[in-house]
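So this block is final_9.txt, compact mmCIF, N, CA and C atoms:
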# COMPACT_ATOMS: atom_id res chain seq x y z
N MET A 11 -1.35 4.68 3.72
CA MET A 11 -0.44 5.15 2.71
C MET A 11 0.96 4.59 2.90
N PRO A 12 1.43 4.39 4.10
CA PRO A 12 2.84 4.02 4.22
C PRO A 12 3.17 2.75 3.42
N ILE A 13 4.04 2.91 2.43
CA ILE A 13 4.47 1.78 1.61
C ILE A 13 5.99 1.81 1.51
N VAL A 14 6.61 0.67 1.78
CA VAL A 14 8.05 0.54 1.60
C VAL A 14 8.30 -0.63 0.66
N THR A 15 9.18 -0.41 -0.30
CA THR A 15 9.59 -1.45 -1.23
C THR A 15 11.10 -1.60 -1.13
N VAL A 16 11.55 -2.83 -0.93
CA VAL A 16 12.97 -3.13 -0.88
C VAL A 16 13.33 -3.91 -2.14
N HIS A 17 14.33 -3.42 -2.84
CA HIS A 17 14.81 -4.08 -4.06
C HIS A 17 16.03 -4.92 -3.69
N LEU A 18 15.96 -6.20 -4.05
CA LEU A 18 17.03 -7.14 -3.73
C LEU A 18 17.35 -8.00 -4.95
N VAL A 19 18.55 -8.56 -4.93
CA VAL A 19 18.94 -9.50 -5.98
C VAL A 19 18.44 -10.88 -5.58
N GLU A 20 17.74 -11.51 -6.50
CA GLU A 20 17.19 -12.85 -6.27
C GLU A 20 18.29 -13.83 -5.90
N GLY A 21 18.00 -14.64 -4.87
CA GLY A 21 18.93 -15.69 -4.47
C GLY A 21 19.99 -15.28 -3.46
N GLN A 22 20.06 -14.00 -3.11
CA GLN A 22 21.08 -13.56 -2.14
C GLN A 22 20.65 -13.73 -0.69
N HIS A 23 19.34 -13.89 -0.47
CA HIS A 23 18.82 -13.99 0.90
C HIS A 23 17.74 -15.06 0.95
N THR A 24 17.45 -15.55 2.14
CA THR A 24 16.46 -16.62 2.30
C THR A 24 15.04 -16.06 2.38
N ARG A 25 14.08 -16.93 2.18
CA ARG A 25 12.67 -16.55 2.34
C ARG A 25 12.39 -16.10 3.78
N GLU A 26 13.04 -16.75 4.74
CA GLU A 26 12.86 -16.38 6.14
C GLU A 26 13.37 -14.96 6.38
N GLN A 27 14.50 -14.61 5.77
CA GLN A 27 15.01 -13.24 5.89
C GLN A 27 14.03 -12.25 5.26
N HIS A 28 13.48 -12.61 4.11
CA HIS A 28 12.50 -11.74 3.45
C HIS A 28 11.31 -11.49 4.36
N GLU A 29 10.77 -12.56 4.92
CA GLU A 29 9.59 -12.43 5.78
C GLU A 29 9.89 -11.58 7.01
N ARG A 30 11.02 -11.85 7.65
CA ARG A 30 11.40 -11.07 8.83
C ARG A 30 11.62 -9.60 8.46
N LEU A 31 12.26 -9.35 7.34
CA LEU A 31 12.51 -7.99 6.88
C LEU A 31 11.20 -7.23 6.71
N LEU A 32 10.24 -7.84 6.01
CA LEU A 32 8.96 -7.18 5.76
C LEU A 32 8.19 -6.94 7.05
N THR A 33 8.22 -7.90 7.95
CA THR A 33 7.52 -7.77 9.23
C THR A 33 8.11 -6.64 10.07
N GLU A 34 9.43 -6.60 10.16
CA GLU A 34 10.09 -5.57 10.98
C GLU A 34 9.97 -4.18 10.35
N LEU A 35 10.08 -4.10 9.04
CA LEU A 35 9.91 -2.80 8.38
C LEU A 35 8.49 -2.27 8.60
N SER A 36 7.49 -3.15 8.49
CA SER A 36 6.10 -2.75 8.69
C SER A 36 5.88 -2.19 10.09
N ALA A 37 6.37 -2.91 11.09
CA ALA A 37 6.19 -2.47 12.48
C ALA A 37 6.88 -1.14 12.73
N ARG A 38 8.10 -0.98 12.17
CA ARG A 38 8.84 0.27 12.38
C ARG A 38 8.16 1.43 11.68
N TYR A 39 7.64 1.18 10.48
CA TYR A 39 6.93 2.22 9.74
C TYR A 39 5.74 2.74 10.54
N ALA A 40 4.94 1.81 11.06
CA ALA A 40 3.78 2.19 11.86
C ALA A 40 4.21 2.98 13.09
N ASP A 41 5.29 2.56 13.72
CA ASP A 41 5.79 3.24 14.91
C ASP A 41 6.27 4.65 14.60
N VAL A 42 7.11 4.79 13.60
CA VAL A 42 7.69 6.10 13.28
C VAL A 42 6.62 7.09 12.85
N LEU A 43 5.66 6.65 12.04
CA LEU A 43 4.62 7.56 11.55
C LEU A 43 3.41 7.63 12.48
N ASP A 44 3.44 6.84 13.56
CA ASP A 44 2.30 6.76 14.47
C ASP A 44 1.03 6.49 13.66
N SER A 45 1.12 5.46 12.82
CA SER A 45 0.04 5.08 11.91
C SER A 45 -0.43 3.67 12.24
N PRO A 46 -1.71 3.38 12.09
CA PRO A 46 -2.17 2.01 12.32
C PRO A 46 -1.44 1.04 11.38
N ILE A 47 -1.02 -0.08 11.90
CA ILE A 47 -0.29 -1.07 11.10
C ILE A 47 -1.11 -1.54 9.91
N GLU A 48 -2.43 -1.48 10.02
CA GLU A 48 -3.32 -1.90 8.94
C GLU A 48 -3.10 -1.08 7.67
N ARG A 49 -2.56 0.12 7.80
CA ARG A 49 -2.34 0.97 6.63
C ARG A 49 -1.00 0.71 5.95
N VAL A 50 -0.11 0.00 6.62
CA VAL A 50 1.25 -0.19 6.11
C VAL A 50 1.30 -1.33 5.10
N ARG A 51 2.05 -1.10 4.03
CA ARG A 51 2.33 -2.12 3.03
C ARG A 51 3.85 -2.22 2.91
N ALA A 52 4.37 -3.43 2.89
CA ALA A 52 5.80 -3.67 2.71
C ALA A 52 5.98 -4.73 1.63
N LEU A 53 6.86 -4.44 0.69
CA LEU A 53 7.06 -5.33 -0.45
C LEU A 53 8.54 -5.54 -0.72
N ILE A 54 8.83 -6.67 -1.31
CA ILE A 54 10.17 -6.92 -1.82
C ILE A 54 10.03 -7.11 -3.33
N THR A 55 10.87 -6.43 -4.07
CA THR A 55 10.96 -6.65 -5.50
C THR A 55 12.30 -7.34 -5.75
N LEU A 56 12.22 -8.54 -6.32
CA LEU A 56 13.43 -9.31 -6.61
C LEU A 56 13.86 -9.08 -8.06
N HIS A 57 15.16 -8.91 -8.22
CA HIS A 57 15.74 -8.71 -9.55
C HIS A 57 16.72 -9.85 -9.81
N GLY A 58 16.70 -10.37 -11.01
CA GLY A 58 17.66 -11.41 -11.38
C GLY A 58 19.08 -10.83 -11.33
N PRO A 59 20.07 -11.66 -11.01
CA PRO A 59 21.45 -11.17 -10.93
C PRO A 59 21.92 -10.50 -12.22
N GLN A 60 21.39 -10.92 -13.34
CA GLN A 60 21.76 -10.32 -14.62
C GLN A 60 21.10 -8.97 -14.83
N GLU A 61 20.17 -8.58 -13.93
CA GLU A 61 19.43 -7.32 -14.05
C GLU A 61 19.89 -6.28 -13.04
N TRP A 62 21.00 -6.51 -12.36
CA TRP A 62 21.45 -5.62 -11.28
C TRP A 62 22.94 -5.39 -11.42
N VAL A 63 23.33 -4.13 -11.38
CA VAL A 63 24.74 -3.75 -11.42
C VAL A 63 24.98 -2.75 -10.29
N THR A 64 26.01 -3.01 -9.48
CA THR A 64 26.41 -2.09 -8.41
C THR A 64 27.86 -1.71 -8.64
N ALA A 65 28.12 -0.41 -8.66
CA ALA A 65 29.48 0.10 -8.85
C ALA A 65 30.10 -0.44 -10.14
N GLY A 66 29.26 -0.61 -11.15
CA GLY A 66 29.74 -1.08 -12.44
C GLY A 66 29.97 -2.57 -12.55
N VAL A 67 29.66 -3.31 -11.47
CA VAL A 67 29.89 -4.75 -11.45
C VAL A 67 28.55 -5.48 -11.38
N PRO A 68 28.27 -6.38 -12.34
CA PRO A 68 27.02 -7.13 -12.30
C PRO A 68 26.90 -7.96 -11.02
N ALA A 69 25.68 -8.08 -10.52
CA ALA A 69 25.44 -8.86 -9.30
C ALA A 69 25.80 -10.32 -9.51
N SER A 70 25.76 -10.79 -10.75
CA SER A 70 26.12 -12.18 -11.02
C SER A 70 27.61 -12.42 -10.78
N VAL A 71 28.40 -11.34 -10.75
CA VAL A 71 29.84 -11.43 -10.51
C VAL A 71 30.18 -11.00 -9.08
N ALA A 72 29.53 -9.92 -8.61
CA ALA A 72 29.81 -9.35 -7.28
C ALA A 72 29.17 -10.22 -6.20
N ALA A 73 29.88 -10.40 -5.12
CA ALA A 73 29.37 -11.22 -4.02
C ALA A 73 28.58 -10.41 -3.00
N ALA A 74 28.87 -9.12 -2.87
CA ALA A 74 28.26 -8.31 -1.82
C ALA A 74 26.92 -7.72 -2.26
N PRO A 75 25.85 -7.99 -1.51
CA PRO A 75 24.55 -7.40 -1.81
C PRO A 75 24.56 -5.89 -1.55
N ALA A 76 23.71 -5.17 -2.30
CA ALA A 76 23.59 -3.73 -2.14
C ALA A 76 22.11 -3.34 -2.22
N PRO A 77 21.33 -3.60 -1.16
CA PRO A 77 19.89 -3.33 -1.20
C PRO A 77 19.56 -1.85 -1.40
N TYR A 78 18.41 -1.63 -2.00
CA TYR A 78 17.88 -0.29 -2.23
C TYR A 78 16.42 -0.31 -1.78
N PHE A 79 15.99 0.75 -1.07
CA PHE A 79 14.58 0.82 -0.67
C PHE A 79 13.99 2.18 -0.99
N THR A 80 12.66 2.18 -1.19
CA THR A 80 11.91 3.42 -1.30
C THR A 80 10.77 3.36 -0.29
N ALA A 81 10.49 4.50 0.31
CA ALA A 81 9.40 4.60 1.27
C ALA A 81 8.52 5.77 0.85
N LEU A 82 7.23 5.51 0.72
CA LEU A 82 6.27 6.55 0.35
C LEU A 82 5.61 7.12 1.59
N VAL A 83 5.53 8.44 1.66
CA VAL A 83 4.82 9.12 2.75
C VAL A 83 4.03 10.28 2.15
N LEU A 84 2.93 10.61 2.78
CA LEU A 84 2.17 11.77 2.34
C LEU A 84 2.94 13.04 2.65
N GLU A 85 2.84 14.01 1.76
CA GLU A 85 3.45 15.32 1.93
C GLU A 85 3.04 15.89 3.29
N GLY A 86 3.96 16.54 3.95
CA GLY A 86 3.67 17.16 5.24
C GLY A 86 4.34 16.45 6.40
N ARG A 87 4.89 15.26 6.18
CA ARG A 87 5.62 14.59 7.25
C ARG A 87 6.89 15.38 7.55
N PRO A 88 7.17 15.61 8.82
CA PRO A 88 8.35 16.42 9.17
C PRO A 88 9.66 15.71 8.81
N PRO A 89 10.71 16.52 8.57
CA PRO A 89 12.02 15.95 8.22
C PRO A 89 12.51 14.95 9.26
N GLU A 90 12.23 15.19 10.53
CA GLU A 90 12.69 14.27 11.59
C GLU A 90 12.14 12.87 11.37
N GLN A 91 10.87 12.76 11.01
CA GLN A 91 10.28 11.44 10.74
C GLN A 91 10.91 10.80 9.52
N ARG A 92 11.08 11.59 8.48
CA ARG A 92 11.64 11.04 7.24
C ARG A 92 13.09 10.59 7.46
N HIS A 93 13.85 11.37 8.20
CA HIS A 93 15.24 10.99 8.48
C HIS A 93 15.29 9.74 9.36
N ARG A 94 14.37 9.66 10.30
CA ARG A 94 14.31 8.48 11.16
C ARG A 94 13.99 7.23 10.34
N LEU A 95 13.08 7.35 9.37
CA LEU A 95 12.78 6.22 8.49
C LEU A 95 14.02 5.77 7.73
N LEU A 96 14.76 6.72 7.17
CA LEU A 96 15.98 6.38 6.43
C LEU A 96 16.96 5.61 7.32
N THR A 97 17.17 6.11 8.53
CA THR A 97 18.12 5.49 9.45
C THR A 97 17.63 4.13 9.93
N GLU A 98 16.40 4.07 10.39
CA GLU A 98 15.91 2.84 11.00
C GLU A 98 15.62 1.74 9.98
N PHE A 99 15.19 2.10 8.78
CA PHE A 99 15.03 1.09 7.73
C PHE A 99 16.40 0.51 7.37
N THR A 100 17.40 1.37 7.29
CA THR A 100 18.76 0.89 7.02
C THR A 100 19.22 -0.04 8.13
N ASP A 101 18.97 0.34 9.39
CA ASP A 101 19.34 -0.52 10.53
C ASP A 101 18.74 -1.91 10.39
N ILE A 102 17.46 -1.97 10.05
CA ILE A 102 16.76 -3.26 9.92
C ILE A 102 17.34 -4.07 8.77
N ILE A 103 17.56 -3.44 7.64
CA ILE A 103 18.12 -4.15 6.47
C ILE A 103 19.49 -4.73 6.81
N VAL A 104 20.32 -3.93 7.47
CA VAL A 104 21.67 -4.39 7.85
C VAL A 104 21.57 -5.58 8.81
N GLU A 105 20.71 -5.46 9.82
CA GLU A 105 20.58 -6.52 10.83
C GLU A 105 20.00 -7.80 10.24
N VAL A 106 18.90 -7.68 9.51
CA VAL A 106 18.20 -8.86 9.02
C VAL A 106 18.94 -9.54 7.86
N LEU A 107 19.48 -8.76 6.96
CA LEU A 107 20.12 -9.34 5.77
C LEU A 107 21.62 -9.53 5.92
N GLY A 108 22.21 -8.93 6.96
CA GLY A 108 23.64 -9.07 7.18
C GLY A 108 24.48 -8.40 6.11
N VAL A 109 24.00 -7.28 5.60
CA VAL A 109 24.74 -6.55 4.56
C VAL A 109 25.53 -5.40 5.17
N GLU A 110 26.50 -4.89 4.42
CA GLU A 110 27.27 -3.75 4.88
C GLU A 110 26.41 -2.50 4.84
N ARG A 111 26.46 -1.73 5.92
CA ARG A 111 25.65 -0.53 6.03
C ARG A 111 25.89 0.44 4.87
N GLY A 112 27.14 0.62 4.50
CA GLY A 112 27.48 1.55 3.43
C GLY A 112 26.98 1.15 2.07
N ALA A 113 26.55 -0.10 1.91
CA ALA A 113 26.03 -0.57 0.63
C ALA A 113 24.53 -0.32 0.48
N VAL A 114 23.84 0.02 1.56
CA VAL A 114 22.39 0.22 1.53
C VAL A 114 22.08 1.64 1.06
N ARG A 115 21.14 1.74 0.15
CA ARG A 115 20.66 3.03 -0.33
C ARG A 115 19.16 3.09 -0.10
N GLY A 116 18.66 4.30 0.20
CA GLY A 116 17.23 4.45 0.43
C GLY A 116 16.74 5.82 0.03
N ARG A 117 15.45 5.90 -0.21
CA ARG A 117 14.84 7.16 -0.64
C ARG A 117 13.44 7.28 -0.06
N ILE A 118 13.12 8.47 0.43
CA ILE A 118 11.77 8.79 0.87
C ILE A 118 11.12 9.58 -0.27
N ILE A 119 9.94 9.15 -0.67
CA ILE A 119 9.21 9.84 -1.72
C ILE A 119 7.95 10.44 -1.10
N ARG A 120 7.85 11.77 -1.17
CA ARG A 120 6.68 12.46 -0.62
C ARG A 120 5.62 12.59 -1.71
N ILE A 121 4.39 12.25 -1.33
CA ILE A 121 3.27 12.22 -2.27
C ILE A 121 2.23 13.26 -1.85
N ASP A 122 1.79 14.06 -2.79
CA ASP A 122 0.71 15.01 -2.54
C ASP A 122 -0.56 14.21 -2.26
N PRO A 123 -1.29 14.53 -1.18
CA PRO A 123 -2.51 13.78 -0.83
C PRO A 123 -3.55 13.74 -1.96
N ASP A 124 -3.53 14.75 -2.84
CA ASP A 124 -4.46 14.74 -3.97
C ASP A 124 -4.05 13.75 -5.04
N ASP A 125 -2.81 13.25 -4.96
CA ASP A 125 -2.30 12.30 -5.95
C ASP A 125 -2.23 10.88 -5.41
N TRP A 126 -2.86 10.63 -4.27
CA TRP A 126 -2.85 9.29 -3.68
C TRP A 126 -4.28 8.88 -3.38
N GLY A 127 -4.67 7.69 -3.83
CA GLY A 127 -6.04 7.24 -3.62
C GLY A 127 -6.15 6.18 -2.54
N ILE A 128 -7.20 6.28 -1.76
CA ILE A 128 -7.54 5.28 -0.75
C ILE A 128 -8.96 4.83 -1.10
N GLY A 129 -9.08 3.63 -1.59
CA GLY A 129 -10.39 3.14 -2.02
C GLY A 129 -10.96 3.96 -3.16
N GLY A 130 -10.09 4.53 -3.99
CA GLY A 130 -10.53 5.32 -5.13
C GLY A 130 -10.82 6.77 -4.83
N VAL A 131 -10.55 7.19 -3.59
CA VAL A 131 -10.81 8.57 -3.18
C VAL A 131 -9.47 9.23 -2.84
N PRO A 132 -9.25 10.49 -3.27
CA PRO A 132 -8.00 11.15 -2.89
C PRO A 132 -7.79 11.11 -1.37
N ALA A 133 -6.56 10.88 -0.97
CA ALA A 133 -6.24 10.69 0.45
C ALA A 133 -6.71 11.85 1.32
N GLY A 134 -6.55 13.07 0.85
CA GLY A 134 -6.98 14.22 1.64
C GLY A 134 -8.46 14.15 1.98
N ALA A 135 -9.29 13.82 0.99
CA ALA A 135 -10.74 13.72 1.20
C ALA A 135 -11.07 12.51 2.06
N ALA A 136 -10.39 11.39 1.83
CA ALA A 136 -10.66 10.18 2.62
C ALA A 136 -10.32 10.41 4.08
N ARG A 137 -9.21 11.05 4.34
CA ARG A 137 -8.82 11.31 5.73
C ARG A 137 -9.78 12.28 6.41
N ARG A 138 -10.21 13.33 5.67
CA ARG A 138 -11.18 14.28 6.25
C ARG A 138 -12.45 13.55 6.65
N ALA A 139 -12.95 12.69 5.76
CA ALA A 139 -14.18 11.93 6.05
C ALA A 139 -13.97 11.03 7.27
N GLU A 140 -12.81 10.41 7.34
CA GLU A 140 -12.51 9.53 8.48
C GLU A 140 -12.46 10.32 9.80
N ILE A 141 -11.83 11.49 9.78
CA ILE A 141 -11.72 12.34 10.98
C ILE A 141 -13.11 12.83 11.40
N GLU A 142 -13.92 13.25 10.41
CA GLU A 142 -15.28 13.71 10.72
C GLU A 142 -16.12 12.59 11.32
N ALA A 143 -16.02 11.38 10.77
CA ALA A 143 -16.79 10.24 11.28
C ALA A 143 -16.37 9.92 12.71
N ARG A 144 -15.08 9.96 12.96
CA ARG A 144 -14.58 9.70 14.31
C ARG A 144 -15.08 10.75 15.29
N ALA A 145 -15.07 12.02 14.86
CA ALA A 145 -15.52 13.11 15.72
C ALA A 145 -17.01 12.99 16.03
N SER A 146 -17.81 12.60 15.04
CA SER A 146 -19.25 12.48 15.28
C SER A 146 -19.55 11.29 16.19
N ARG A 147 -18.79 10.20 16.06
CA ARG A 147 -18.97 9.06 16.97
C ARG A 147 -18.60 9.47 18.39
N SER A 148 -17.55 10.24 18.50
CA SER A 148 -17.08 10.71 19.82
C SER A 148 -18.13 11.61 20.44
N ALA A 149 -18.64 12.54 19.66
CA ALA A 149 -19.64 13.48 20.17
C ALA A 149 -20.91 12.73 20.54
N GLY A 150 -21.29 11.77 19.71
CA GLY A 150 -22.52 11.00 19.98
C GLY A 150 -22.38 10.16 21.23
N GLY A 151 -21.18 9.65 21.48
CA GLY A 151 -20.96 8.79 22.65
C GLY A 151 -20.85 9.56 23.95
N SER A 152 -20.59 10.88 23.84
CA SER A 152 -20.40 11.65 25.06
C SER A 152 -21.65 12.37 25.52
N ARG A 153 -22.72 12.19 24.78
CA ARG A 153 -23.99 12.86 25.18
C ARG A 153 -24.53 12.25 26.46
N VAL A 154 -25.10 13.14 27.26
CA VAL A 154 -25.72 12.68 28.49
C VAL A 154 -27.18 12.36 28.18
N PRO A 155 -27.62 11.12 28.52
CA PRO A 155 -29.01 10.76 28.22
C PRO A 155 -29.99 11.66 28.95
N SER A 156 -31.09 12.02 28.29
CA SER A 156 -32.06 12.91 28.94
C SER A 156 -33.13 12.11 29.65
Please re-express this file's structure in structure tokens.
Amino acid sequence: MPIVTVHLVEGQHTREQHERLLTELSARYADVLDSPIERVRALITLHGPQEWVTAGVPASVAAAPAPYFTALVLEGRPPEQRHRLLTEFTDIIVEVLGVERGAVRGRIIRIDPDDWGIGGVPAGAARRAEIEARASRSAGGSRVPS
């Protein structure tokens, strides 16, 4: 489920910065949520300078970038984790893109597990099935042969 999208103005940063940003955000997301990296998705959405206005000034005129990110998490994540994501994602954006910290905006969006699909199955049901399968493998592996 962990998905982070960073919105940037096209042409303000290099492809190498984009790649590094996505890689570092993915690793941090997995770390903070204690989630397998295989579940993490990180995306950049680029907007043309004519499609972005910060503080009333079009990006085509303003020189300073003002990134915005959204991070999706399943409902039930504690505030400490969500706050850590806000702080640490901002840290990464500032470091990788060289932008002013005060210009970065971010939002955590909590999703009800019944409203999120994994392979077409609601997340709550998919996770229950995954936990049950893991438990049965564990129980089967711990049996003493007769």
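In this comparison, which uses all atoms listed in the file, the residue of A:Leu84, A:Ala135, A:Arg120, A:Ile13 approaching Arg51 (chain A) most closely is A:Ile13.
In this structure, atom N of Arg30 (chain A) sits 22.8 Å away from atom C of Ile118 (chain A).
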(request) Select from chain A everything DSSP, run on the backbone, classes as alpha helix (DSSP H), then give the selection as number ranges by chain. (result) A: 25-43, 89-107, 133-151
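Minimum atom-to-atom distances from A:Ile102, A:Ala76, A:Ala37, A:Ile128 to Val114 (chain A) were compared using all atoms listed in the file, and the lowest value belongs to A:Ala76.
If you look at atom N of Ala113 (chain A) and atom N of Thr15 (chain A), they are 17.5 Å away from each other.
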(message) Please list as a VMD selection string every residue within 8 Å of region 88-92 of chain A, counting all atoms listed in the file and excluding residues in the same chain fewer than 4 positions away.
(response) chain A and resid 42 to 43 84 96 to 98 118
(request) For atom C of Trp62 (chain A) and atom C of Leu18 (chain A), determine how far apart the two atoms are, in Å to one decimal place. (result) 8.9 Å
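Ranking A:Leu82, A:Leu31, A:Ala136, A:Val67 by their shortest atom-to-atom distance to Met11 (chain A), with only C-alpha atoms included, puts A:Leu82 first.
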(message) Could you check the closest approach to Ile121 (chain A) for each of A:Ala73, A:Glu85, A:Val14, A:Ala52 and tell me which residue wins, using all atoms listed in the file?
(response) A:Glu85
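With distances restricted to all atoms listed in the file, A:Gly58 is the closest residue to Ser70 (chain A) from A:Gly58, A:Asp44, A:Arg87, A:Arg115.
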Axis-aligned box over every listed atom of region 123-126 of chain A, padded by 4 Å per side: centre and edges in Å to one decimal, as JSON?
{"center_x": -2.9, "center_y": 11.8, "center_z": -3.4, "size_x": 11.2, "size_y": 13.9, "size_z": 13.1}
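Taking only N, CA and C atoms into account, Pro75 (chain A) lies nearest to A:Val19 out of the set A:Val19, A:Ile119, A:Ile47, A:Leu32.
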(message) Give me the residues near Ala74 (chain A) as a ChimeraX atom specification, where near means some atom within 8 Å (using all atoms listed in the file) and where sequence neighbours in that chain fewer than 3 positions away do not count.
(response) /A:69,71,77,109-110,113
(message) Show me, as an MDAnalysis selection string, the residues that have an atom within 8 Å of Leu107 (chain A) when counting only N, CA and C atoms, minus same-chain residues fewer than 3 positions from it.
(response) chainID A and resid 22:24 27:28 31 101:104 110
